[in-house]
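Pasting coords31.tsv here (TSV, C-alpha atoms):
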chain	number	residue	atom	x	y	z
A	1	MET	CA	147.47	162.01	54.65
A	2	LYS	CA	144.68	160.05	53.03
A	3	ILE	CA	144.68	156.27	53.37
A	4	GLU	CA	142.90	154.62	50.45
A	5	ASP	CA	143.04	150.97	51.55
A	6	ASP	CA	139.90	150.09	53.57
A	7	LYS	CA	141.54	147.03	55.15
A	8	LEU	CA	144.42	149.19	56.35
A	9	LEU	CA	141.99	151.75	57.79
A	10	GLN	CA	140.14	148.99	59.67
A	11	GLU	CA	143.42	147.63	61.02
A	12	LEU	CA	144.48	151.11	62.16
A	13	LYS	CA	141.14	151.61	63.92
A	14	TYR	CA	141.56	148.25	65.66
A	15	LEU	CA	145.17	149.03	66.67
A	16	SER	CA	144.26	152.48	67.98
A	17	LYS	CA	141.97	150.80	70.52
A	18	ASN	CA	143.59	147.38	71.05
A	19	GLY	CA	147.29	147.80	70.21
A	20	LYS	CA	149.81	145.93	72.34
A	21	SER	CA	151.67	149.04	73.43
A	22	LEU	CA	150.86	152.67	74.07
A	23	GLN	CA	153.17	153.56	71.19
A	24	GLU	CA	151.25	151.37	68.76
A	25	ARG	CA	147.89	152.81	69.87
A	26	ARG	CA	149.14	156.40	69.80
A	27	ARG	CA	150.75	156.15	66.35
A	28	SER	CA	147.75	154.45	64.78
A	29	HIS	CA	145.51	157.14	66.30
A	30	ALA	CA	147.76	159.82	64.79
A	31	LEU	CA	147.45	158.18	61.37
A	32	LEU	CA	143.66	158.08	61.67
A	33	LEU	CA	143.55	161.74	62.69
A	34	SER	CA	145.76	162.62	59.73
A	35	HIS	CA	143.44	160.64	57.46
A	36	ASP	CA	140.50	162.65	58.84
A	37	GLY	CA	142.20	165.91	57.83
A	38	TYR	CA	143.81	167.08	61.08
A	39	THR	CA	147.07	169.01	60.74
A	40	LYS	CA	150.31	167.81	62.31
A	41	ARG	CA	150.05	170.63	64.85
A	42	GLU	CA	146.52	169.57	65.86
A	43	ILE	CA	147.51	165.91	66.10
A	44	ALA	CA	150.52	166.83	68.27
A	45	SER	CA	148.27	168.84	70.56
A	46	ILE	CA	145.68	166.07	70.84
A	47	LEU	CA	148.27	163.36	71.57
A	48	GLN	CA	150.46	165.69	73.67
A	49	VAL	CA	153.61	165.03	71.66
A	50	THR	CA	155.82	167.26	69.52
A	51	GLN	CA	155.04	168.09	65.92
A	52	ARG	CA	158.37	166.53	65.02
A	53	ALA	CA	157.24	163.21	66.52
A	54	VAL	CA	154.04	163.29	64.46
A	55	PHE	CA	156.00	164.19	61.32
A	56	LEU	CA	158.39	161.26	61.90
A	57	TRP	CA	155.53	158.82	62.56
A	58	LEU	CA	153.81	159.78	59.30
A	59	LYS	CA	157.06	159.65	57.34
A	60	ASP	CA	157.95	156.26	58.84
A	61	PHE	CA	154.47	154.94	58.02
A	62	LYS	CA	154.84	156.03	54.38
A	63	GLU	CA	158.18	154.21	54.16
A	64	ARG	CA	157.52	151.03	56.17
A	65	GLY	CA	153.76	150.71	56.41
A	66	ILE	CA	151.99	149.08	59.34
A	67	GLU	CA	155.27	147.69	60.70
A	68	SER	CA	156.31	151.23	61.62
A	69	LEU	CA	153.79	151.25	64.48
A	70	GLN	CA	155.72	148.68	66.50
A	71	LEU	CA	158.90	149.19	68.48
A	72	LYS	CA	162.10	148.20	66.74
A	73	SER	CA	164.10	145.54	68.54
A	74	GLY	CA	167.39	146.45	70.14
A	75	ARG	CA	166.17	149.61	71.81
A	76	GLY	CA	166.87	150.42	75.44
A	77	ARG	CA	169.84	150.10	77.70
A	78	LYS	CA	172.14	147.15	77.10
A	79	THR	CA	173.17	144.92	79.99
A	80	LYS	CA	176.71	145.12	81.31
A	81	LEU	CA	176.65	141.57	82.70
A	82	SER	CA	175.70	138.85	80.27
A	83	PRO	CA	174.31	135.60	81.71
A	84	GLN	CA	175.89	133.56	78.92
A	85	ARG	CA	179.29	135.23	79.14
A	86	ASP	CA	179.73	136.21	82.81
A	87	LYS	CA	177.72	133.75	84.90
A	88	GLU	CA	180.57	131.28	85.47
A	89	ILE	CA	183.05	133.98	86.53
A	90	VAL	CA	180.57	135.49	89.00
A	91	LYS	CA	179.67	132.05	90.35
A	92	LYS	CA	183.35	131.11	90.77
A	93	HIS	CA	184.04	134.18	92.93
A	94	ILE	CA	180.90	133.82	95.03
A	95	GLU	CA	181.61	130.13	95.70
A	96	LYS	CA	185.20	130.97	96.64
A	97	TYR	CA	184.14	133.80	98.99
A	98	PRO	CA	180.55	133.01	100.11
A	99	ASN	CA	180.85	135.09	103.29
A	100	GLN	CA	182.67	137.99	101.62
A	101	PRO	CA	180.35	139.20	98.87
A	102	LYS	CA	182.14	142.54	98.45
A	103	LYS	CA	185.40	140.73	97.83
A	104	ALA	CA	183.68	138.50	95.25
A	105	TYR	CA	182.23	141.65	93.69
A	106	ALA	CA	185.65	143.35	93.51
A	107	LEU	CA	187.27	140.29	91.94
A	108	THR	CA	184.44	139.96	89.43
A	109	ILE	CA	184.66	143.54	88.16
A	110	GLU	CA	188.45	143.21	88.02
A	111	ASP	CA	188.26	139.97	85.99
A	112	LEU	CA	185.59	141.26	83.62
A	113	GLY	CA	187.00	144.75	83.28
A	114	ILE	CA	183.61	146.42	83.64
A	115	ASP	CA	182.23	149.09	85.93
A	116	ILE	CA	179.02	148.05	87.69
A	117	SER	CA	177.52	148.88	91.06
A	118	TYR	CA	177.34	146.44	93.93
A	119	ASP	CA	173.53	146.52	93.65
A	120	THR	CA	173.77	145.49	89.98
A	121	PHE	CA	176.02	142.62	91.04
A	122	LYS	CA	173.47	141.49	93.66
A	123	ARG	CA	170.57	141.69	91.19
A	124	PHE	CA	172.54	139.62	88.69
A	125	LEU	CA	173.21	136.96	91.34
A	126	LYS	CA	169.58	136.82	92.38
A	127	LYS	CA	168.28	136.58	88.82
A	128	HIS	CA	170.86	134.34	87.15
A	129	THR	CA	172.28	132.03	89.81
A	130	ALA	CA	170.88	129.86	92.54
A	131	LEU	CA	173.38	131.44	94.91
A	132	LYS	CA	172.30	134.07	97.36
A	133	LEU	CA	174.42	136.53	99.30
A	134	GLN	CA	174.30	135.90	103.01
A	135	THR	CA	173.76	138.87	105.26
A	136	SER	CA	174.88	138.98	108.87
A	137	THR	CA	171.28	138.65	110.11
A	138	GLU	CA	170.77	135.50	108.05
A	139	ARG	CA	174.01	133.86	109.23
A	140	TYR	CA	173.45	134.35	112.93
A	141	SER	CA	170.34	133.78	114.93
A	142	LYS	CA	169.47	134.19	118.59
A	143	GLU	CA	167.59	130.88	118.55
A	144	THR	CA	170.70	128.97	117.49
A	145	GLY	CA	172.88	130.64	120.08
A	146	GLY	CA	174.83	132.61	117.50
A	147	ARG	CA	175.80	129.57	115.41
A	148	VAL	CA	175.97	129.88	111.67
A	149	LEU	CA	172.76	128.72	110.02
Encoding of this model in structure tokens:
Amino acid sequence: MKIEDDKLLQELKYLSKNGKSLQERRRSHALLLSHDGYTKREIASILQVTQRAVFLWLKDFKERGIESLQLKSGRGRKTKLSPQRDKEIVKKHIEKYPNQPKKAYALTIEDLGIDISYDTFKRFLKKHTALKLQTSTERYSKETGGRVL
């Protein structure tokens, strides 16, 4: 594919070296190689991707232009626990059962009607609340004679 616009060629050269993401650099490099006369098969071999990927990149570039080099928003795995929606319910159960985190976890998944692991629950607490689960080693200490800290 020949690119006639010199400004666009310069921008592609810049992005192939200094793009924000690997995807942006790789796709712009593929476009430059195509401009230089390489076949889709050769480009795929150079970039170690499938010919289909190269074909889709070139097609997307023809349709959307330079914007096609960047990732589209909304990709990736969606969260099961939403800080805006679920924070108060999680906090309510943890405050009610501070020394029984598994009970708070069970009540939370029952209330929300979702299926998450206990580790996901703990990560959510750590990231989105000031509350922290107490472990048995944190509650009791030899220095305090076994009293709760």
**Prompt:** Taking only C-alpha atoms into account, which of A:Thr108, A:Leu69, A:Val54, A:Lys127 comes nearest Glu11 (chain A)?
**Reply:** A:Leu69
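Within the 9 Å cut-off around Phe121 (chain A), using only C-alpha atoms and omitting residues fewer than 4 positions from it on the same chain, the listed residues are Leu81, Val90, Tyr105, Thr108, Ile116, Ser117, Leu125 and Lys126 of chain A.
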**Prompt:** Got a sec: who's within 9 Å of Tyr14 (chain A), counting all atoms listed in the file, leaving out chain neighbours fewer than 4 positions off, as a ChimeraX atom specification?
**Reply:** /A:9-10,18-19,25,28
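CA of Ser21 (chain A) to CA of Ile66 (chain A) spans 14.1 Å [interatomic distance, one decimal].
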**Message:** What's the separation between CA of Phe55 (chain A) and CA of Arg77 (chain A), in Å to one decimal place?
**Reply:** 25.7 Å
**Message:** If I take CA of Gly74 (chain A) and CA of Val49 (chain A), how far is one from the other in Å, to one decimal?
**Reply:** 23.2 Å
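Proximity ranking of A:Thr39, A:Ser68, A:Arg85, A:Leu8 relative to Gln51 (chain A) places A:Thr39 first, based on all atoms listed in the file.
Distance check against Thr79 (chain A) using all atoms listed in the file: of A:Glu67, A:Asp115, A:Glu42, A:Glu95, the minimum falls on A:Asp115.
Closest to Ser34 (chain A) among A:Lys2, A:Trp57, A:Leu47, A:Leu12 is A:Lys2, based on only C-alpha atoms.
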**Prompt:** Which protein, DNA or RNA residues are at most 9 Å from (154.6, 158.4, 72.8) in the file's coordinates when you count only C-alpha atoms, listed as a list of chain:residue names?
**Reply:** A:Leu22, A:Gln23, A:Glu24, A:Arg26, A:Arg27, A:Leu47, A:Gln48, A:Val49, A:Ala53
Preceding selection exported with C-alpha atoms as a compact mmCIF listing (two decimals), keeping the file's coordinate frame:
# COMPACT_ATOMS: atom_id res chain seq x y z
CA LEU A 22 150.86 152.67 74.07
CA GLN A 23 153.17 153.56 71.19
CA GLU A 24 151.25 151.37 68.76
CA ARG A 26 149.14 156.40 69.80
CA ARG A 27 150.75 156.15 66.35
CA LEU A 47 148.27 163.36 71.57
CA GLN A 48 150.46 165.69 73.67
CA VAL A 49 153.61 165.03 71.66
CA ALA A 53 157.24 163.21 66.52
**Request:** Using all atoms listed in the file, find the one residue out of A:Asp5, A:Asp119, A:Asp36, A:Glu110 that sits nearest to Gly65 (chain A).
**Result:** A:Asp5
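Of the residues under consideration (A:Lys13, A:Lys62, A:His128, A:His29), A:His128 shows the shortest atom-to-atom contact distance to Glu88 (chain A) when counting all atoms listed in the file.
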